[in-house]
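The block underneath contains the structure these notes are about, expressed in structure tokens.
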Amino acid sequence: MTTISYVFYKNNDITPNKYTYYHTWVNRFGYFSVLGCIITGWSVYFNITQFQTQTLHLISSFLIGYYLLLHSWIYFLQLGKKLIKRVFFIPLKQLPWFLSIGLSLASIGTYHMAQNTHISLNVVPIGANVLMEIDGLADEPIWQEAQSINVHTIGGANFVDGQTTVTIKALSNKHETFFLFTWADPTHSLSHLPIEKVSTGWKVVENGFYEFDEQSHYEDKFAVMLSKTCNSGADGTAHLGKTPFQDKPSNWHGKGYHASVDNKVRDLWHWKAVRTNDMILADDNFIGPPTKVLSGQRRYSAGYLPDGKESGAYVMNWLWYSPNGVIPKRLPKDALYEGDVIPWFGSKPYKKDDDHYPIGTRLPSVLYRSNRFEGDRADVRARGQWKNGQWTLELVRKNMTPSVHDVALEHGTCM
């Protein structure tokens, strides 16, 4: 009891100075910042909150940097140049220990990153006589036997906090491989750049389309890339920034280009909820070397290109795009048509005398020239269904195709 009283008395006798108050509040600020960073970091990792935790996590990291600045500058004022020696000078006797600890941590970190770069997808073998219907329902019993893997994605549009987890399954016979993808998406986006009747004619409803970065009026999409190698950055094909290639045009949105700089081809399947879903297809594309710039070309796509086709296509239902207005190519034969795509044989060429639509009417901007692609571009059959906030997408392609733009589906192929 005597000792406790003495300690209490000695602490009470201390007269705090301005430095004591300063460090107390700076340390409290640091505790708050670190705690916030931990909580938001775990929330992002486990996806256990509906709030904008990525933004809060970023703010917390900036606050930690600010705390370090506040915490350290007072020591510079007190100690001056002596602080540099105290912080960075390592006694020669302790140098081997510091090097050993540093190399050990670097080795552990490198090993951990290498182990978590690749995830194995176990493909379930099935007989060639097993009937699989590509309808987006995934109600075949064999799907229940397939093992699944989860891939967490971030930075998407119209997702909760910009992220969603994609569940993947695969089945294969000696001819084809079937894939099943499911992911949560609270919005069923089928409004793809509709055209709206205004007092001066027709106008594209858009929010960023003129800069090739539409933010609001765009269909749901899903892309799968296949490659023979498994490097980071989309296997080395992602080149970020407004002008990643100095001898090529800058991109409008500032995000970058996809292109292969090693002259190898990557296969890219691009499913689109409006433009290809009713075709029962995914748009078979590829990523190759940066292409030549064409004269008068407004949008340059670098190495991202579609496979060749023999016939069939979707096009935009306007003659020439302008943010001020467009002229439709065709109008539905049924004035009360409400589909997401205008079919060629269910429409007629646009004539001003037939344009009796009232102001405010919206029509689809996607026009089918025929029912589907034919040729190389039609190698991937696909169908998606959205229900109760979730997309279910089935795809199938032959394991081997004659196309030079396709990657074989075999053991070791990277997705």
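FYI, nothing fancy with the structure tokens labels: chains A, B, ... in order, residues from 1 per chain, ligands from 1 as they appear.
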
Give me, as a PyMOL selection string, all polymer residues having an atom no more than 12 Å from Leu56 of chain A, counting only C-alpha atoms and skipping those fewer than 6 positions away in the same chain.
chain A and resi 33+35-44+49+62-63+161

Strand (DSSP E or B) residues, from DSSP on the backbone, in segment 221-340 of chain A, as number ranges by chain = A: 221-227, 238-240, 256-258, 266-272, 281, 283-287, 304-306, 311, 314-316, 326, 330-332

In terms of only C-alpha atoms, the residue from A:Ser104, A:Thr276, A:Ser216, A:Gln246 at minimal distance from Asn158 of chain A is A:Ser216

What is the distance, in Å and to one decimal place, between atom CA of Ser250 of chain A and atom CA of Ser232 of chain A?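 For atom CA of Ser250 of chain A relative to atom CA of Ser232 of chain A, the distance reads 23.3 Å.
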
- Have a look at A:Ile168, A:Val404, A:Ala128, A:Ile119 and name the one nearest to Ser148 of chain A; count only C-alpha atoms.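 The answer is A:Ile168, which sits nearest to Ser148 of chain A.
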
Please identify all polymer residues within 10 Å of segment 256-264 of chain A, counting only C-alpha atoms, omitting same-chain residues fewer than 2 positions from it, and present them as a VMD selection string. chain A and resid 227 to 229 233 to 245 250 to 254 266 286 to 291 300 to 305 405

Would you export the selected residues with N, CA and C atoms as a CSV table (one decimal), in the first residue's frame, please?
```
chain,number,residue,atom,x,y,z
A,227,SER,N,-4.9,-17.9,-71.2
A,227,SER,CA,-3.5,-17.7,-71.6
A,227,SER,C,-2.7,-19.0,-71.3
A,228,LYS,N,-1.6,-19.1,-72.0
A,228,LYS,CA,-0.7,-20.2,-71.7
A,228,LYS,C,0.2,-20.0,-70.6
A,229,THR,N,0.3,-18.7,-70.2
A,229,THR,CA,1.2,-18.3,-69.0
A,229,THR,C,0.3,-17.6,-68.0
A,233,GLY,N,-1.0,-8.8,-63.9
A,233,GLY,CA,-1.4,-7.8,-64.9
A,233,GLY,C,-2.0,-8.3,-66.1
A,234,ALA,N,-3.0,-9.2,-65.9
A,234,ALA,CA,-3.7,-9.9,-67.1
A,234,ALA,C,-2.6,-10.5,-68.0
A,235,ASP,N,-1.7,-11.2,-67.4
A,235,ASP,CA,-0.6,-11.9,-68.1
A,235,ASP,C,0.2,-10.9,-68.9
A,236,GLY,N,0.4,-9.8,-68.3
A,236,GLY,CA,1.3,-8.8,-68.9
A,236,GLY,C,0.7,-8.0,-70.1
A,237,THR,N,-0.7,-8.1,-70.2
A,237,THR,CA,-1.3,-7.4,-71.3
A,237,THR,C,-2.0,-6.1,-70.9
A,238,ALA,N,-2.0,-5.8,-69.6
A,238,ALA,CA,-2.6,-4.6,-69.1
A,238,ALA,C,-1.6,-3.5,-69.0
A,239,HIS,N,-1.8,-2.4,-69.8
A,239,HIS,CA,-0.9,-1.3,-69.8
A,239,HIS,C,-1.6,0.0,-69.4
A,240,LEU,N,-1.4,0.4,-68.2
A,240,LEU,CA,-2.2,1.4,-67.6
A,240,LEU,C,-1.8,2.8,-67.9
A,241,GLY,N,-2.7,3.8,-67.7
A,241,GLY,CA,-2.4,5.2,-68.0
A,241,GLY,C,-3.0,5.7,-69.3
A,242,LYS,N,-3.0,7.0,-69.4
A,242,LYS,CA,-3.6,7.6,-70.6
A,242,LYS,C,-2.8,7.4,-71.9
A,243,THR,N,-1.5,7.3,-71.8
A,243,THR,CA,-0.7,7.1,-73.0
A,243,THR,C,0.4,6.0,-72.7
A,244,PRO,N,0.0,4.7,-72.6
A,244,PRO,CA,1.0,3.7,-72.2
A,244,PRO,C,1.9,3.4,-73.4
A,245,PHE,N,1.5,3.7,-74.6
A,245,PHE,CA,2.4,3.5,-75.8
A,245,PHE,C,2.7,4.8,-76.4
A,250,SER,N,-3.5,8.4,-77.3
A,250,SER,CA,-3.9,8.3,-75.9
A,250,SER,C,-5.3,7.8,-75.9
A,251,ASN,N,-5.7,7.1,-74.8
A,251,ASN,CA,-7.1,6.6,-74.7
A,251,ASN,C,-7.9,7.7,-74.0
A,252,TRP,N,-9.2,7.7,-74.3
A,252,TRP,CA,-10.1,8.7,-73.9
A,252,TRP,C,-10.3,8.7,-72.4
A,253,HIS,N,-10.4,7.6,-71.8
A,253,HIS,CA,-10.8,7.5,-70.4
A,253,HIS,C,-9.6,7.5,-69.4
A,254,GLY,N,-8.4,7.4,-69.9
A,254,GLY,CA,-7.2,7.4,-69.1
A,254,GLY,C,-6.9,6.1,-68.3
A,266,ARG,N,-3.6,-13.9,-76.4
A,266,ARG,CA,-4.5,-14.3,-75.3
A,266,ARG,C,-5.9,-14.4,-75.8
A,286,PHE,N,-9.8,-11.5,-78.9
A,286,PHE,CA,-8.4,-11.9,-78.5
A,286,PHE,C,-7.6,-10.6,-78.2
A,287,ILE,N,-6.5,-10.8,-77.5
A,287,ILE,CA,-5.6,-9.7,-77.2
A,287,ILE,C,-4.2,-10.1,-77.9
A,288,GLY,N,-3.9,-9.2,-78.9
A,288,GLY,CA,-2.6,-9.4,-79.6
A,288,GLY,C,-1.8,-8.2,-79.5
A,289,PRO,N,-0.7,-8.1,-80.4
A,289,PRO,CA,0.1,-6.9,-80.4
A,289,PRO,C,-0.7,-5.6,-80.8
A,290,PRO,N,-0.2,-4.5,-80.4
A,290,PRO,CA,-0.9,-3.2,-80.7
A,290,PRO,C,-1.0,-3.1,-82.2
A,291,THR,N,-2.2,-2.7,-82.7
A,291,THR,CA,-2.5,-2.6,-84.1
A,291,THR,C,-2.0,-1.3,-84.6
A,300,TYR,N,-9.2,4.0,-80.6
A,300,TYR,CA,-8.1,3.1,-80.9
A,300,TYR,C,-8.1,2.0,-79.7
A,301,SER,N,-8.1,0.7,-80.1
A,301,SER,CA,-8.3,-0.3,-79.1
A,301,SER,C,-7.0,-1.1,-78.8
A,302,ALA,N,-5.9,-0.7,-79.4
A,302,ALA,CA,-4.5,-1.3,-79.2
A,302,ALA,C,-4.6,-2.8,-79.6
A,303,GLY,N,-4.4,-3.7,-78.7
A,303,GLY,CA,-4.4,-5.2,-79.1
A,303,GLY,C,-5.7,-5.9,-78.8
A,304,TYR,N,-6.7,-5.2,-78.4
A,304,TYR,CA,-8.0,-5.9,-78.1
A,304,TYR,C,-8.9,-5.9,-79.3
A,305,LEU,N,-9.1,-7.1,-79.9
A,305,LEU,CA,-9.7,-7.2,-81.2
A,305,LEU,C,-10.7,-8.4,-81.2
A,405,HIS,N,-6.4,-17.5,-83.0
A,405,HIS,CA,-6.7,-16.5,-81.9
A,405,HIS,C,-7.3,-17.1,-80.7
```

Across A:Ser199, A:Ser191, A:Ser72, A:Gln385, the smallest distance to Pro364 of chain A, with only C-alpha atoms counted, is shown by A:Ser191

Could you give me, as a VMD selection string, each residue of segment 52-267 of chain A that DSSP assigns to helix (DSSP H, G or I) when run on this structure's backbone?
chain A and resid 53 to 79 81 to 88 92 to 115 142 to 145 160 to 162 209 to 211 232 to 236

Item to complete: Could you give me, as JSON, numbers by chain, the residues within 8 Å of segment 174-178 of chain A, counting only C-alpha atoms and dropping anything in the same chain fewer than 2 positions from it?
Response: {"A": [127, 128, 170, 171, 172, 180, 394, 395, 396, 397, 398, 399, 400, 409]}

**OP:** For Ala223 of chain A, please output as a PyMOL selection string all residues within 7 Å (counting only C-alpha atoms; exclusion window: fewer than 6 positions along the same chain).
**Re:** chain A and resi 268-271

**Message:** Using only C-alpha atoms, which protein or nucleic acid residues come within 12 Å of Lys352 of chain A? Drop anything in the same chain fewer than 3 positions from it, and give the result as a ChimeraX atom specification.
**Reply:** /A:201-202,327-331,349,355-357

Store the residues picked out above, limited to all heavy atoms, as a CSV table (one decimal), in the first residue's frame.
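Listing of result34.csv after writing:
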```csv
chain,number,residue,atom,x,y,z
A,201,GLY,N,-35.6,15.5,-82.5
A,201,GLY,CA,-35.4,14.2,-83.1
A,201,GLY,C,-35.2,13.1,-82.1
A,201,GLY,O,-35.9,12.9,-81.2
A,202,TRP,N,-34.0,12.4,-82.3
A,202,TRP,CA,-33.6,11.3,-81.4
A,202,TRP,C,-32.2,11.6,-80.8
A,202,TRP,O,-31.4,12.2,-81.5
A,202,TRP,CB,-33.6,10.0,-82.1
A,202,TRP,CG,-34.9,9.5,-82.6
A,202,TRP,CD1,-35.6,9.8,-83.7
A,202,TRP,CD2,-35.8,8.7,-81.8
A,202,TRP,NE1,-36.8,9.2,-83.8
A,202,TRP,CE2,-37.0,8.5,-82.6
A,202,TRP,CE3,-35.7,8.1,-80.6
A,202,TRP,CZ2,-38.1,7.7,-82.2
A,202,TRP,CZ3,-36.8,7.3,-80.1
A,202,TRP,CH2,-37.9,7.1,-80.9
A,327,ILE,N,-29.8,9.9,-86.0
A,327,ILE,CA,-30.9,9.4,-86.9
A,327,ILE,C,-31.0,7.9,-86.8
A,327,ILE,O,-30.0,7.2,-87.1
A,327,ILE,CB,-30.8,9.9,-88.3
A,327,ILE,CG1,-30.8,11.4,-88.4
A,327,ILE,CG2,-31.9,9.3,-89.2
A,327,ILE,CD1,-30.5,11.9,-89.8
A,328,PRO,N,-32.1,7.3,-86.3
A,328,PRO,CA,-32.1,5.8,-86.3
A,328,PRO,C,-31.9,5.2,-87.6
A,328,PRO,O,-32.3,5.7,-88.7
A,328,PRO,CB,-33.5,5.5,-85.7
A,328,PRO,CG,-33.9,6.8,-85.0
A,328,PRO,CD,-33.3,7.9,-85.9
A,329,LYS,N,-31.4,3.9,-87.6
A,329,LYS,CA,-31.3,3.2,-88.9
A,329,LYS,C,-32.6,2.5,-89.2
A,329,LYS,O,-33.1,2.5,-90.3
A,329,LYS,CB,-30.2,2.1,-88.8
A,329,LYS,CG,-28.8,2.6,-88.7
A,329,LYS,CD,-27.8,1.5,-88.6
A,329,LYS,CE,-26.3,2.0,-88.7
A,329,LYS,NZ,-25.4,0.9,-88.5
A,330,ARG,N,-33.2,1.9,-88.1
A,330,ARG,CA,-34.5,1.2,-88.3
A,330,ARG,C,-35.4,1.5,-87.2
A,330,ARG,O,-35.0,1.8,-86.1
A,330,ARG,CB,-34.2,-0.3,-88.5
A,330,ARG,CG,-33.3,-0.7,-89.7
A,330,ARG,CD,-33.1,-2.1,-89.7
A,330,ARG,NE,-34.2,-2.9,-90.1
A,330,ARG,CZ,-34.5,-3.2,-91.4
A,330,ARG,NH1,-33.8,-2.7,-92.4
A,330,ARG,NH2,-35.6,-3.9,-91.7
A,331,LEU,N,-36.7,1.3,-87.4
A,331,LEU,CA,-37.7,1.4,-86.4
A,331,LEU,C,-38.5,0.1,-86.3
A,331,LEU,O,-38.6,-0.6,-87.3
A,331,LEU,CB,-38.7,2.5,-86.7
A,331,LEU,CG,-38.2,3.9,-86.7
A,331,LEU,CD1,-39.3,4.9,-87.2
A,331,LEU,CD2,-37.7,4.4,-85.4
A,349,PRO,N,-36.8,0.1,-92.3
A,349,PRO,CA,-35.9,1.2,-92.4
A,349,PRO,C,-36.5,2.5,-91.9
A,349,PRO,O,-37.8,2.7,-92.1
A,349,PRO,CB,-35.6,1.3,-93.9
A,349,PRO,CG,-35.8,-0.1,-94.4
A,349,PRO,CD,-36.9,-0.6,-93.6
A,355,ASP,N,-42.1,8.2,-88.4
A,355,ASP,CA,-41.7,8.6,-87.1
A,355,ASP,C,-42.8,9.4,-86.4
A,355,ASP,O,-42.8,10.6,-86.4
A,355,ASP,CB,-40.4,9.3,-87.1
A,355,ASP,CG,-39.8,9.5,-85.7
A,355,ASP,OD1,-40.4,9.1,-84.7
A,355,ASP,OD2,-38.6,10.0,-85.7
A,356,HIS,N,-43.7,8.6,-85.7
A,356,HIS,CA,-44.8,9.3,-85.0
A,356,HIS,C,-44.7,9.1,-83.5
A,356,HIS,O,-45.7,9.2,-82.8
A,356,HIS,CB,-46.1,8.8,-85.5
A,356,HIS,CG,-46.4,8.9,-87.0
A,356,HIS,ND1,-46.4,10.2,-87.6
A,356,HIS,CD2,-46.5,8.0,-87.9
A,356,HIS,CE1,-46.6,10.0,-88.9
A,356,HIS,NE2,-46.7,8.7,-89.2
A,357,TYR,N,-43.5,8.7,-83.0
A,357,TYR,CA,-43.3,8.4,-81.6
A,357,TYR,C,-43.4,9.7,-80.8
A,357,TYR,O,-42.8,10.7,-81.2
A,357,TYR,CB,-42.0,7.8,-81.4
A,357,TYR,CG,-41.9,6.3,-81.9
A,357,TYR,CD1,-41.4,6.1,-83.2
A,357,TYR,CD2,-42.3,5.3,-81.1
A,357,TYR,CE1,-41.4,4.8,-83.6
A,357,TYR,CE2,-42.2,4.0,-81.5
A,357,TYR,CZ,-41.8,3.7,-82.8
A,357,TYR,OH,-41.7,2.4,-83.3
```

* Using only C-alpha atoms, find the one residue out of A:Gln215, A:Pro402, A:Ile359, A:Arg377 that sits nearest to Thr200 of chain A. =>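 Residue with the minimum atom-to-atom distance to Thr200 of chain A: A:Ile359.
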
Shell around Glu310 of chain A at 9 Å using only C-alpha atoms, local window under 3 positions removed, as a ChimeraX atom specification
/A:373-377

Just write the chosen residues, all heavy atoms, as an mmCIF file, in the first residue's frame.
```cif
data_model
loop_
_atom_site.group_PDB
_atom_site.id
_atom_site.type_symbol
_atom_site.label_atom_id
_atom_site.label_comp_id
_atom_site.auth_asym_id
_atom_site.auth_seq_id
_atom_site.Cartn_x
_atom_site.Cartn_y
_atom_site.Cartn_z
ATOM 1 N N PHE A 373 -23.664 -14.526 -84.571
ATOM 2 C CA PHE A 373 -22.438 -14.591 -85.354
ATOM 3 C C PHE A 373 -22.297 -15.964 -85.994
ATOM 4 O O PHE A 373 -22.819 -16.962 -85.501
ATOM 5 C CB PHE A 373 -21.210 -14.352 -84.470
ATOM 6 C CG PHE A 373 -21.140 -12.991 -83.859
ATOM 7 C CD1 PHE A 373 -21.071 -12.833 -82.481
ATOM 8 C CD2 PHE A 373 -21.132 -11.856 -84.649
ATOM 9 C CE1 PHE A 373 -20.995 -11.581 -81.909
ATOM 10 C CE2 PHE A 373 -21.058 -10.605 -84.095
ATOM 11 C CZ PHE A 373 -20.997 -10.458 -82.718
ATOM 12 N N GLU A 374 -21.533 -15.994 -87.053
ATOM 13 C CA GLU A 374 -21.124 -17.256 -87.660
ATOM 14 C C GLU A 374 -19.635 -17.179 -87.939
ATOM 15 O O GLU A 374 -19.112 -16.133 -88.316
ATOM 16 C CB GLU A 374 -21.899 -17.516 -88.971
ATOM 17 C CG GLU A 374 -23.392 -17.721 -88.763
ATOM 18 C CD GLU A 374 -24.122 -17.965 -90.066
ATOM 19 O OE1 GLU A 374 -23.448 -18.071 -91.117
ATOM 20 O OE2 GLU A 374 -25.360 -18.051 -90.047
ATOM 21 N N GLY A 375 -18.940 -18.320 -87.724
ATOM 22 C CA GLY A 375 -17.506 -18.332 -87.936
ATOM 23 C C GLY A 375 -16.724 -18.316 -86.638
ATOM 24 O O GLY A 375 -17.233 -18.679 -85.563
ATOM 25 N N ASP A 376 -15.480 -17.880 -86.716
ATOM 26 C CA ASP A 376 -14.549 -17.915 -85.592
ATOM 27 C C ASP A 376 -15.091 -17.164 -84.377
ATOM 28 O O ASP A 376 -14.899 -17.577 -83.230
ATOM 29 C CB ASP A 376 -13.220 -17.303 -86.054
ATOM 30 C CG ASP A 376 -12.097 -17.537 -85.067
ATOM 31 O OD1 ASP A 376 -12.360 -18.075 -83.987
ATOM 32 O OD2 ASP A 376 -10.949 -17.172 -85.370
ATOM 33 N N ARG A 377 -15.766 -16.076 -84.625
ATOM 34 C CA ARG A 377 -16.252 -15.243 -83.524
ATOM 35 C C ARG A 377 -17.378 -15.905 -82.733
ATOM 36 O O ARG A 377 -17.756 -15.439 -81.655
ATOM 37 C CB ARG A 377 -16.718 -13.903 -84.095
ATOM 38 C CG ARG A 377 -16.850 -12.786 -83.078
ATOM 39 C CD ARG A 377 -17.077 -11.464 -83.778
ATOM 40 N NE ARG A 377 -17.392 -10.388 -82.845
ATOM 41 C CZ ARG A 377 -17.645 -9.131 -83.206
ATOM 42 N NH1 ARG A 377 -17.610 -8.801 -84.502
ATOM 43 N NH2 ARG A 377 -17.924 -8.209 -82.308
#
```

| said: Which residue is closest to Thr53 of chain A? Choose from A:Ala282, A:Ile154, A:Ala382, A:Ala313 and count only C-alpha atoms. | reply: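 Smallest distance to Thr53 of chain A is found for A:Ile154.
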
For Val166 of chain A, the closest of A:Leu393, A:Leu363, A:Val341, A:Cys414 counting only C-alpha atoms is A:Leu393
